[in-house]
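J.: So here's final08.txt (compact mmCIF, C-alpha atoms).
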# COMPACT_ATOMS: atom_id res chain seq x y z
CA MET A 1 14.71 25.89 -11.37
CA LYS A 2 16.55 23.82 -8.78
CA LEU A 3 14.59 21.02 -7.07
CA SER A 4 14.52 19.74 -3.49
CA ALA A 5 14.22 16.17 -4.81
CA ARG A 6 17.64 14.68 -4.10
CA ASN A 7 17.68 12.31 -7.09
CA ALA A 8 18.00 13.52 -10.68
CA LEU A 9 19.22 10.78 -13.00
CA LYS A 10 19.98 11.85 -16.58
CA GLY A 11 19.28 9.51 -19.48
CA LYS A 12 17.55 8.86 -22.78
CA ILE A 13 14.04 7.51 -23.34
CA GLU A 14 14.37 3.93 -24.56
CA SER A 15 10.71 2.92 -24.80
CA ILE A 16 7.27 4.44 -24.34
CA ASN A 17 4.12 2.46 -23.55
CA LYS A 18 0.96 4.55 -23.80
CA GLY A 19 -2.37 3.59 -22.19
CA ILE A 20 -5.61 5.57 -22.11
CA VAL A 21 -4.65 7.88 -19.21
CA THR A 22 -1.23 6.60 -18.12
CA THR A 23 2.09 6.29 -19.99
CA THR A 24 5.06 4.23 -18.82
CA LEU A 25 8.56 5.14 -19.97
CA LYS A 26 11.88 3.33 -19.74
CA VAL A 27 14.85 5.68 -19.39
CA ASP A 28 18.38 4.43 -20.11
CA ILE A 29 20.71 6.21 -17.65
CA GLY A 30 23.79 4.50 -19.09
CA HIS A 31 26.05 1.67 -17.92
CA GLY A 32 23.22 -0.83 -18.40
CA ILE A 33 21.03 0.91 -15.80
CA HIS A 34 17.38 1.76 -16.56
CA VAL A 35 14.73 3.70 -14.70
CA THR A 36 11.01 3.16 -15.35
CA SER A 37 8.47 5.95 -14.82
CA SER A 38 4.66 6.07 -14.90
CA ILE A 39 3.23 9.47 -15.76
CA THR A 40 -0.10 10.79 -17.06
CA ASN A 41 -0.64 10.92 -20.81
CA ASP A 42 -1.21 14.66 -20.42
CA ALA A 43 2.33 14.97 -19.05
CA ALA A 44 3.80 12.82 -21.82
CA GLU A 45 2.05 14.95 -24.47
CA ASP A 46 2.83 18.24 -22.75
CA LEU A 47 6.56 17.41 -22.71
CA GLY A 48 6.33 15.95 -26.25
CA LEU A 49 8.19 12.85 -25.09
CA LYS A 50 9.57 10.52 -27.79
CA ILE A 51 12.15 7.74 -27.94
CA GLY A 52 15.71 9.08 -27.76
CA ASP A 53 14.78 12.26 -25.86
CA GLU A 54 17.27 13.35 -23.22
CA VAL A 55 15.36 13.48 -19.94
CA THR A 56 15.95 13.50 -16.19
CA ALA A 57 14.31 10.99 -13.85
CA ILE A 58 13.52 12.87 -10.64
CA ILE A 59 12.83 11.01 -7.39
CA LYS A 60 12.19 12.31 -3.86
CA SER A 61 14.44 10.58 -1.31
CA SER A 62 11.40 9.66 0.81
CA ASP A 63 10.25 7.48 -2.13
CA VAL A 64 13.41 5.34 -2.13
CA ILE A 65 13.19 2.04 -0.24
CA ILE A 66 16.46 0.33 0.77
CA GLY A 67 16.82 -3.43 0.39
CA LYS A 68 19.75 -5.36 1.88
CA MET B 1 10.99 -12.29 -3.12
CA LYS B 2 10.49 -10.49 -6.43
CA LEU B 3 9.04 -6.96 -6.30
CA SER B 4 6.52 -5.14 -8.48
CA ALA B 5 8.59 -1.94 -8.10
CA ARG B 6 10.21 -1.50 -11.53
CA ASN B 7 13.39 0.17 -10.26
CA ALA B 8 16.05 -1.68 -8.28
CA LEU B 9 19.41 0.10 -8.42
CA LYS B 10 22.31 -1.76 -6.81
CA GLY B 11 25.05 0.13 -5.02
CA LYS B 12 27.07 0.73 -1.86
CA ILE B 13 26.20 3.00 1.05
CA GLU B 14 28.49 6.02 0.87
CA SER B 15 27.17 8.07 3.77
CA ILE B 16 24.60 7.84 6.56
CA ASN B 17 23.03 10.84 8.30
CA LYS B 18 20.99 9.87 11.34
CA GLY B 19 18.33 12.10 12.94
CA ILE B 20 16.01 11.30 15.86
CA VAL B 21 13.42 9.34 13.84
CA THR B 22 14.66 9.63 10.24
CA THR B 23 17.92 8.55 8.58
CA THR B 24 19.12 9.71 5.16
CA LEU B 25 21.50 7.54 3.15
CA LYS B 26 23.56 8.21 0.02
CA VAL B 27 24.00 5.13 -2.15
CA ASP B 28 26.75 5.04 -4.81
CA ILE B 29 25.37 3.07 -7.76
CA GLY B 30 28.59 3.41 -9.72
CA HIS B 31 29.69 5.53 -12.70
CA GLY B 32 29.45 8.68 -10.58
CA ILE B 33 25.73 8.21 -9.99
CA HIS B 34 24.23 8.46 -6.47
CA VAL B 35 20.79 7.81 -5.05
CA THR B 36 19.63 9.40 -1.79
CA SER B 37 17.05 7.71 0.44
CA SER B 38 15.18 8.78 3.58
CA ILE B 39 14.07 5.94 5.81
CA THR B 40 13.02 5.54 9.45
CA ASN B 41 15.74 4.94 12.03
CA ASP B 42 13.94 1.70 12.91
CA ALA B 43 14.52 0.52 9.34
CA ALA B 44 18.17 1.59 9.36
CA GLU B 45 18.74 -0.30 12.62
CA ASP B 46 16.70 -3.33 11.58
CA LEU B 47 18.79 -3.71 8.43
CA GLY B 48 21.98 -2.91 10.36
CA LEU B 49 22.98 -0.40 7.69
CA LYS B 50 26.55 0.86 7.70
CA ILE B 51 28.88 2.61 5.24
CA GLY B 52 30.09 0.23 2.51
CA ASP B 53 27.08 -2.10 2.71
CA GLU B 54 25.84 -3.45 -0.61
CA VAL B 55 22.21 -2.39 -0.92
CA THR B 56 19.48 -1.96 -3.51
CA ALA B 57 17.57 1.31 -3.95
CA ILE B 58 13.99 0.36 -4.81
CA ILE B 59 11.62 2.87 -6.40
CA LYS B 60 8.05 2.46 -7.67
CA SER B 61 7.66 3.79 -11.23
CA SER B 62 4.72 5.98 -10.14
CA ASP B 63 7.21 7.88 -7.93
CA VAL B 64 9.48 8.87 -10.83
CA ILE B 65 8.90 12.35 -12.31
CA ILE B 66 10.27 13.05 -15.79
CA GLY B 67 11.95 16.39 -16.53
CA LYS B 68 12.82 17.51 -20.06
CA MET C 1 13.34 22.04 -17.59
CA LYS C 2 9.67 21.12 -17.90
CA LEU C 3 8.30 18.49 -15.49
CA SER C 4 5.84 15.63 -15.95
CA ALA C 5 4.42 16.39 -12.48
CA ARG C 6 1.02 17.94 -13.22
CA ASN C 7 0.94 20.21 -10.17
CA ALA C 8 3.20 23.24 -9.78
CA LEU C 9 1.84 25.73 -7.27
CA LYS C 10 3.76 29.02 -7.00
CA GLY C 11 4.09 30.76 -3.67
CA LYS C 12 6.32 32.25 -0.97
CA ILE C 13 7.90 30.44 1.96
CA GLU C 14 6.02 31.50 5.10
CA SER C 15 7.77 29.36 7.69
CA ILE C 16 10.63 26.88 7.98
CA ASN C 17 10.94 24.24 10.71
CA LYS C 18 14.30 22.48 10.69
CA GLY C 19 14.99 19.13 12.35
CA ILE C 20 18.20 17.08 12.32
CA VAL C 21 17.67 15.49 8.88
CA THR C 22 14.23 16.77 7.80
CA THR C 23 12.89 20.28 7.23
CA THR C 24 9.21 21.19 6.94
CA LEU C 25 8.18 24.30 5.04
CA LYS C 26 4.88 26.17 4.76
CA VAL C 27 4.37 27.83 1.38
CA ASP C 28 1.75 30.58 0.96
CA ILE C 29 0.28 30.17 -2.54
CA GLY C 30 -2.00 33.19 -2.10
CA HIS C 31 -5.73 33.63 -1.45
CA GLY C 32 -5.33 32.15 2.05
CA ILE C 33 -4.13 28.80 0.67
CA HIS C 34 -1.00 27.12 2.07
CA VAL C 35 0.98 24.05 1.05
CA THR C 36 3.23 22.20 3.51
CA SER C 37 6.29 20.26 2.34
CA SER C 38 8.75 17.94 4.09
CA ILE C 39 12.19 17.80 2.48
CA THR C 40 15.67 16.75 3.56
CA ASN C 41 17.88 19.34 5.26
CA ASP C 42 20.38 18.77 2.45
CA ALA C 43 17.75 19.95 -0.03
CA ALA C 44 16.83 22.96 2.08
CA GLU C 45 20.47 23.97 2.34
CA ASP C 46 21.25 23.23 -1.30
CA LEU C 47 18.42 25.50 -2.42
CA GLY C 48 19.32 28.05 0.26
CA LEU C 49 15.69 28.26 1.32
CA LYS C 50 14.67 31.14 3.58
CA ILE C 51 11.41 32.83 4.58
CA GLY C 52 9.97 34.97 1.76
CA ASP C 53 11.64 32.99 -1.05
CA GLU C 54 9.53 32.52 -4.17
CA VAL C 55 9.22 28.78 -4.70
CA THR C 56 7.08 26.25 -6.53
CA ALA C 57 5.39 23.32 -4.75
CA ILE C 58 5.54 20.38 -7.18
CA ILE C 59 3.26 17.36 -6.73
CA LYS C 60 2.78 14.26 -8.88
CA SER C 61 -0.90 13.64 -9.67
CA SER C 62 -0.61 10.06 -8.37
CA ASP C 63 0.12 11.56 -4.92
CA VAL C 64 -3.16 13.49 -4.75
CA ILE C 65 -6.02 11.81 -2.86
CA ILE C 66 -9.56 13.03 -3.51
CA GLY C 67 -11.99 13.44 -0.60
CA LYS C 68 -15.71 14.08 -1.11
CA MET D 1 -12.30 12.29 10.51
CA LYS D 2 -9.28 14.60 10.70
CA LEU D 3 -6.24 13.65 8.60
CA SER D 4 -2.50 13.83 9.28
CA ALA D 5 -1.95 14.92 5.67
CA ARG D 6 -1.04 18.60 5.96
CA ASN D 7 -2.54 19.68 2.62
CA ALA D 8 -6.28 19.76 1.99
CA LEU D 9 -7.17 22.02 -0.93
CA LYS D 10 -10.89 22.54 -1.54
CA GLY D 11 -12.23 22.92 -5.06
CA LYS D 12 -14.60 21.75 -7.78
CA ILE D 13 -14.02 19.00 -10.33
CA GLU D 14 -13.45 20.66 -13.70
CA SER D 15 -12.73 17.62 -15.86
CA ILE D 16 -12.63 13.83 -15.59
CA ASN D 17 -10.61 11.57 -17.90
CA LYS D 18 -11.39 7.88 -17.41
CA GLY D 19 -9.14 5.04 -18.55
CA ILE D 20 -9.59 1.30 -18.01
CA VAL D 21 -8.27 1.19 -14.42
CA THR D 22 -7.14 4.78 -13.76
CA THR D 23 -9.03 8.09 -13.79
CA THR D 24 -7.41 11.53 -13.85
CA LEU D 25 -9.28 14.52 -12.48
CA LYS D 26 -8.64 18.26 -12.70
CA VAL D 27 -9.81 20.17 -9.62
CA ASP D 28 -10.29 23.95 -9.76
CA ILE D 29 -9.26 25.32 -6.36
CA GLY D 30 -10.11 28.89 -7.38
CA HIS D 31 -8.02 31.94 -8.30
CA GLY D 32 -6.92 30.22 -11.54
CA ILE D 33 -5.19 27.40 -9.62
CA HIS D 34 -5.80 23.75 -10.56
CA VAL D 35 -4.76 20.46 -8.99
CA THR D 36 -4.62 17.24 -11.02
CA SER D 37 -5.14 13.84 -9.37
CA SER D 38 -4.81 10.25 -10.62
CA ILE D 39 -6.99 7.74 -8.79
CA THR D 40 -8.33 4.26 -9.49
CA ASN D 41 -11.61 3.94 -11.38
CA ASP D 42 -12.94 2.04 -8.36
CA ALA D 43 -12.34 5.14 -6.25
CA ALA D 44 -13.94 7.44 -8.83
CA GLU D 45 -17.02 5.22 -8.97
CA ASP D 46 -17.17 4.65 -5.22
CA LEU D 47 -17.19 8.43 -4.61
CA GLY D 48 -19.57 8.96 -7.55
CA LEU D 49 -17.33 11.75 -8.86
CA LYS D 50 -18.77 14.02 -11.56
CA ILE D 51 -17.92 17.42 -13.01
CA GLY D 52 -18.84 20.25 -10.63
CA ASP D 53 -18.56 18.13 -7.47
CA GLU D 54 -17.07 19.89 -4.45
CA VAL D 55 -14.03 17.88 -3.42
CA THR D 56 -10.83 18.19 -1.39
CA ALA D 57 -7.40 17.42 -2.86
CA ILE D 58 -5.39 15.81 -0.04
CA ILE D 59 -1.59 15.63 -0.21
CA LYS D 60 0.96 14.36 2.32
CA SER D 61 3.72 16.92 2.92
CA SER D 62 6.39 14.28 2.16
CA ASP D 63 4.98 14.18 -1.41
CA VAL D 64 5.61 17.89 -2.05
CA ILE D 65 8.84 18.77 -3.88
CA ILE D 66 10.11 22.35 -3.65
CA GLY D 67 11.51 24.06 -6.75
CA LYS D 68 13.36 27.39 -6.58
CA MET E 1 -15.74 12.75 3.94
CA LYS E 2 -15.14 9.68 1.78
CA LEU E 3 -11.63 9.23 0.35
CA SER E 4 -10.36 7.99 -3.02
CA ALA E 5 -7.50 6.18 -1.22
CA ARG E 6 -8.48 2.49 -1.48
CA ASN E 7 -6.87 1.42 1.79
CA ALA E 8 -8.24 2.42 5.18
CA LEU E 9 -7.04 0.11 7.94
CA LYS E 10 -8.59 0.70 11.37
CA GLY E 11 -6.55 0.16 14.51
CA LYS E 12 -5.18 1.55 17.76
CA ILE E 13 -1.96 3.50 18.27
CA GLU E 14 0.51 1.17 20.00
CA SER E 15 3.59 3.42 20.12
CA ILE E 16 4.64 6.96 19.23
CA ASN E 17 8.21 8.03 18.52
CA LYS E 18 8.61 11.80 18.26
CA GLY E 19 11.55 13.54 16.60
CA ILE E 20 12.09 17.26 16.01
CA VAL E 21 9.90 17.56 12.90
CA THR E 22 8.78 13.97 12.24
CA THR E 23 6.80 11.48 14.33
CA THR E 24 6.56 7.74 13.67
CA LEU E 25 3.57 5.77 14.90
CA LYS E 26 2.87 2.06 15.15
CA VAL E 27 -0.80 1.18 14.67
CA ASP E 28 -2.13 -2.22 15.79
CA ILE E 29 -4.80 -3.24 13.28
CA GLY E 30 -5.54 -6.48 15.14
CA HIS E 31 -4.73 -10.12 14.52
CA GLY E 32 -1.03 -9.45 15.15
CA ILE E 33 -0.81 -7.04 12.21
CA HIS E 34 0.81 -3.60 12.60
CA VAL E 35 1.12 -0.59 10.31
CA THR E 36 3.85 2.02 10.77
CA SER E 37 3.36 5.63 9.69
CA SER E 38 5.67 8.66 9.51
CA ILE E 39 3.91 12.00 9.80
CA THR E 40 4.91 15.55 10.67
CA ASN E 41 4.91 16.58 14.33
CA ASP E 42 2.41 19.29 13.38
CA ALA E 43 0.03 16.57 12.22
CA ALA E 44 0.57 14.49 15.36
CA GLU E 45 -0.13 17.52 17.54
CA ASP E 46 -3.06 18.74 15.46
CA LEU E 47 -4.77 15.33 15.78
CA GLY E 48 -3.73 15.11 19.45
CA LEU E 49 -2.46 11.58 18.87
CA LYS E 50 -1.71 9.46 21.95
CA ILE E 51 -1.22 5.76 22.67
CA GLY E 52 -4.49 3.82 22.54
CA ASP E 53 -6.23 6.25 20.15
CA GLU E 54 -8.48 4.64 17.55
CA VAL E 55 -7.15 5.72 14.16
CA THR E 56 -7.30 4.76 10.50
CA ALA E 57 -4.16 4.13 8.43
CA ILE E 58 -4.92 5.47 4.94
CA ILE E 59 -2.81 4.40 1.94
CA LYS E 60 -3.18 5.20 -1.77
CA SER E 61 -3.12 2.03 -3.90
CA SER E 62 -0.35 3.52 -6.07
CA ASP E 63 1.87 3.46 -2.94
CA VAL E 64 1.52 -0.31 -2.43
CA ILE E 65 4.32 -2.48 -3.84
CA ILE E 66 3.62 -6.18 -4.38
CA GLY E 67 6.27 -8.77 -3.47
CA LYS E 68 5.99 -12.42 -4.48
CA MET F 1 16.56 -9.32 0.83
CA LYS F 2 15.27 -7.34 3.82
CA LEU F 3 13.49 -4.05 3.10
CA SER F 4 13.55 -0.67 4.85
CA ALA F 5 9.81 -0.31 4.17
CA ARG F 6 8.22 -0.83 7.59
CA ASN F 7 5.00 -2.39 6.33
CA ALA F 8 4.84 -5.86 4.80
CA LEU F 9 1.35 -7.33 4.92
CA LYS F 10 1.03 -10.95 3.78
CA GLY F 11 -2.05 -12.13 1.92
CA LYS F 12 -3.59 -13.75 -1.14
CA ILE F 13 -4.59 -12.05 -4.39
CA GLU F 14 -8.39 -11.91 -4.47
CA SER F 15 -8.94 -10.02 -7.72
CA ILE F 16 -6.93 -8.57 -10.61
CA ASN F 17 -8.14 -5.75 -12.86
CA LYS F 18 -5.87 -5.19 -15.86
CA GLY F 19 -5.81 -2.00 -17.95
CA ILE F 20 -3.51 -1.12 -20.86
CA VAL F 21 -0.50 -0.08 -18.76
CA THR F 22 -1.75 -0.34 -15.16
CA THR F 23 -3.10 -3.30 -13.15
CA THR F 24 -4.98 -3.01 -9.85
CA LEU F 25 -4.96 -5.91 -7.41
CA LYS F 26 -6.98 -6.65 -4.29
CA VAL F 27 -5.04 -8.60 -1.66
CA ASP F 28 -6.90 -10.39 1.15
CA ILE F 29 -4.70 -10.14 4.25
CA GLY F 30 -7.16 -12.14 6.36
CA HIS F 31 -9.68 -11.24 9.07
CA GLY F 32 -11.81 -9.39 6.51
CA ILE F 33 -9.02 -6.89 5.75
CA HIS F 34 -8.05 -6.09 2.15
CA VAL F 35 -5.25 -4.04 0.61
CA THR F 36 -5.53 -2.62 -2.92
CA SER F 37 -2.44 -1.99 -5.05
CA SER F 38 -1.87 -0.32 -8.43
CA ILE F 39 1.18 -1.56 -10.31
CA THR F 40 2.38 -1.51 -13.91
CA ASN F 41 1.28 -4.34 -16.21
CA ASP F 42 4.98 -5.09 -16.73
CA ALA F 43 5.29 -5.78 -13.02
CA ALA F 44 2.15 -7.94 -12.94
CA GLU F 45 3.44 -10.00 -15.87
CA ASP F 46 6.99 -10.16 -14.55
CA LEU F 47 5.77 -11.58 -11.22
CA GLY F 48 3.24 -13.80 -13.05
CA LEU F 49 0.50 -12.64 -10.67
CA LYS F 50 -2.74 -14.61 -10.64
CA ILE F 51 -5.72 -14.95 -8.29
CA GLY F 52 -4.85 -16.98 -5.19
CA ASP F 53 -1.12 -16.14 -5.26
CA GLU F 54 0.49 -15.58 -1.88
CA VAL F 55 1.97 -12.07 -1.96
CA THR F 56 3.20 -9.34 0.35
CA ALA F 57 1.85 -5.77 0.21
CA ILE F 58 4.81 -3.49 0.94
CA ILE F 59 4.29 0.13 2.03
CA LYS F 60 6.78 2.79 3.10
CA SER F 61 5.77 4.40 6.40
CA SER F 62 6.01 7.88 4.81
CA ASP F 63 3.12 6.84 2.53
CA VAL F 64 0.74 6.11 5.42
CA ILE F 65 -1.68 8.92 6.36
CA ILE F 66 -3.31 8.80 9.79
CA GLY F 67 -6.99 9.69 10.16
CA LYS F 68 -8.64 10.19 13.55
As structure tokens, what does this structure read like?
T.:
Amino acid sequence: MKLSARNALKGKIESINKGIVTTTLKVDIGHGIHVTSSITNDAAEDLGLKIGDEVTAIIKSSDVIIGK
Amino acid sequence: MKLSARNALKGKIESINKGIVTTTLKVDIGHGIHVTSSITNDAAEDLGLKIGDEVTAIIKSSDVIIGK
Amino acid sequence: MKLSARNALKGKIESINKGIVTTTLKVDIGHGIHVTSSITNDAAEDLGLKIGDEVTAIIKSSDVIIGK
Amino acid sequence: MKLSARNALKGKIESINKGIVTTTLKVDIGHGIHVTSSITNDAAEDLGLKIGDEVTAIIKSSDVIIGK
Amino acid sequence: MKLSARNALKGKIESINKGIVTTTLKVDIGHGIHVTSSITNDAAEDLGLKIGDEVTAIIKSSDVIIGK
Amino acid sequence: MKLSARNALKGKIESINKGIVTTTLKVDIGHGIHVTSSITNDAAEDLGLKIGDEVTAIIKSSDVIIGK
């Protein structure tokens, strides 16, 4: 399946921080760049996410703020 | 000002596509990685955005979907 | 690819309204229920979206407001 | 009050999962279709949400990704 | 209908800027404070929005970034 | 750094509610108006947020729903 979301950054899960209903993940996309994501625990379990997994961080362009 | 948004990806504006009220931008964050952003024209004008500008793409972690 | 986004509603594109940089789509998910999406024109073109296409409307649970 | 958000899906709360500051809800919108929402506990308490409640899942069209 | 979104700022529409598929609005919430919103034209037409209208700007708390 | 996000509401932190991975904050922007934000605990710690801090609530215009 191809997505309309314009941003798909490939990387590896570097750390996982699990709360009661929310999990935050740090994804290493290489070159010293990291992307942090907050998802539901259900999602984290459903995808069986663990450190080292190859994942894609997907972001809609309307969710990207520009700072200058 | 420091931001709560966990993702701040530095890069250069590669292209600008301006509509009547919305502008889309492609930011080159290096290493062949790009981030696309949709902002209002008011924002694009207020920041005086032009190709080559050094900018930061800011994304809240709750806006990052994980695909695996 | 499996997604962390908890909502994936399957349907058919019923209408497409294209602006200069943004396209809005109405997706019929059956049973008289419709989902409207705003995406970039780049996305609409990249996916080659046209009326009748079978698509999935994907929504992060943190983007769903509850009204009662 | 009428909302600008283009998506308003009516259903019944099927399950509630409460964390320390965030609650996730599963809403059954009929025909085997479910919508999951993450809201603050304050919101869940303020609306007095409980299983079986008739609610509306409200989503802005700019938050809907299309997959094809 | 009561909403889970924690932010509901009341004000009056000060300006409307209409594109082909997207409309941006500036809402004066008093005391020199303004809130800008981007909605679909369909939404703007459906609500019959015009300058001076009393409206509420509704924002999910997960969409609010903190800067310090 | 100047931001493309059109909404930047200045205020003081009135309350902080910390969960395991998510923190919610109530910001008093004056005149009896409050803005609630959900951020990651990492962000709250990184910014060293505490009650009384002067902060800015930043919101992208595409995240603002209009109710009328």
J.: With a distance cut-off of 10 Å and only C-alpha atoms, select the neighbouring residues of Val64 of chain E, excluding the residue or stretch itself and same-chain residues fewer than 6 positions from it, and output the selection as a ChimeraX atom specification.
T.: /B:4-5,60 /E:7 /F:7-8,25,35-39,56-60,63
J.: Using all C-alpha atoms paired in order, least-squares fit chain D onto chain E and give me the moved copy as a CSV table (one decimal) with C-alpha atoms, in the frame of the given file.
T.:
chain,number,residue,atom,x,y,z
D,1,MET,CA,-15.7,12.8,3.9
D,2,LYS,CA,-15.1,9.7,1.8
D,3,LEU,CA,-11.6,9.2,0.4
D,4,SER,CA,-10.4,8.0,-3.0
D,5,ALA,CA,-7.5,6.2,-1.2
D,6,ARG,CA,-8.5,2.5,-1.5
D,7,ASN,CA,-6.9,1.4,1.8
D,8,ALA,CA,-8.3,2.4,5.2
D,9,LEU,CA,-7.1,0.1,7.9
D,10,LYS,CA,-8.6,0.7,11.4
D,11,GLY,CA,-6.6,0.2,14.5
D,12,LYS,CA,-5.2,1.6,17.8
D,13,ILE,CA,-1.9,3.5,18.3
D,14,GLU,CA,0.5,1.2,20.0
D,15,SER,CA,3.6,3.4,20.1
D,16,ILE,CA,4.6,7.0,19.2
D,17,ASN,CA,8.2,8.0,18.5
D,18,LYS,CA,8.6,11.8,18.3
D,19,GLY,CA,11.6,13.5,16.6
D,20,ILE,CA,12.1,17.3,16.0
D,21,VAL,CA,9.9,17.6,12.9
D,22,THR,CA,8.8,14.0,12.2
D,23,THR,CA,6.8,11.5,14.3
D,24,THR,CA,6.6,7.7,13.7
D,25,LEU,CA,3.6,5.8,14.9
D,26,LYS,CA,2.9,2.1,15.2
D,27,VAL,CA,-0.8,1.2,14.7
D,28,ASP,CA,-2.1,-2.2,15.8
D,29,ILE,CA,-4.8,-3.2,13.3
D,30,GLY,CA,-5.5,-6.5,15.1
D,31,HIS,CA,-4.7,-10.1,14.5
D,32,GLY,CA,-1.0,-9.4,15.2
D,33,ILE,CA,-0.8,-7.0,12.2
D,34,HIS,CA,0.8,-3.6,12.6
D,35,VAL,CA,1.1,-0.6,10.3
D,36,THR,CA,3.9,2.0,10.8
D,37,SER,CA,3.4,5.6,9.7
D,38,SER,CA,5.7,8.7,9.5
D,39,ILE,CA,3.9,12.0,9.8
D,40,THR,CA,4.9,15.6,10.7
D,41,ASN,CA,4.9,16.6,14.3
D,42,ASP,CA,2.4,19.3,13.4
D,43,ALA,CA,0.0,16.6,12.2
D,44,ALA,CA,0.6,14.5,15.4
D,45,GLU,CA,-0.1,17.5,17.5
D,46,ASP,CA,-3.1,18.7,15.4
D,47,LEU,CA,-4.8,15.3,15.8
D,48,GLY,CA,-3.8,15.1,19.4
D,49,LEU,CA,-2.5,11.6,18.9
D,50,LYS,CA,-1.7,9.4,21.9
D,51,ILE,CA,-1.2,5.7,22.7
D,52,GLY,CA,-4.5,3.8,22.5
D,53,ASP,CA,-6.2,6.2,20.2
D,54,GLU,CA,-8.5,4.6,17.6
D,55,VAL,CA,-7.2,5.7,14.2
D,56,THR,CA,-7.3,4.8,10.5
D,57,ALA,CA,-4.2,4.1,8.4
D,58,ILE,CA,-4.9,5.5,4.9
D,59,ILE,CA,-2.8,4.4,1.9
D,60,LYS,CA,-3.2,5.2,-1.8
D,61,SER,CA,-3.1,2.0,-3.9
D,62,SER,CA,-0.3,3.5,-6.1
D,63,ASP,CA,1.9,3.4,-2.9
D,64,VAL,CA,1.5,-0.3,-2.4
D,65,ILE,CA,4.3,-2.5,-3.8
D,66,ILE,CA,3.6,-6.2,-4.4
D,67,GLY,CA,6.3,-8.8,-3.5
D,68,LYS,CA,6.0,-12.4,-4.5
J.: Neighbours of Gly52 of chain A within 12 Å (only C-alpha atoms; same-chain residues fewer than 3 positions away dropped), as a list in words?
T.: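 After dropping sequence-adjacent residues, the list is Gly11, Lys12, Ile13, Glu14, Ser15, Ile16, Leu25, Lys26, Val27, Asp28, Ile29, Gly48, Leu49 and Val55 of chain A; Lys68 of chain B.
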J.: Distance limit 6 Å, atoms considered: all atoms listed in the file. Which chain C residues sit that close to chain E? Return them as a VMD selection string.
T.: chain C and resid 19 65 to 68
J.: Atom CA of Ala44 of chain C to atom CA of Asn17 of chain B: how many Å, to one decimal?
T.: 15.0 Å
J.: Distance atom CA of Leu9 of chain B-atom CA of Ile33 of chain A, one decimal place?
T.: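 Result for atom CA of Leu9 of chain B versus atom CA of Ile33 of chain A: 7.6 Å, one decimal.
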J.: Atom CA of Glu45 of chain E and atom CA of Ala43 of chain D, how far apart in Å?
T.: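 If I compute the distance from atom CA of Ala43 of chain D to atom CA of Glu45 of chain E, I get 29.5 Å.
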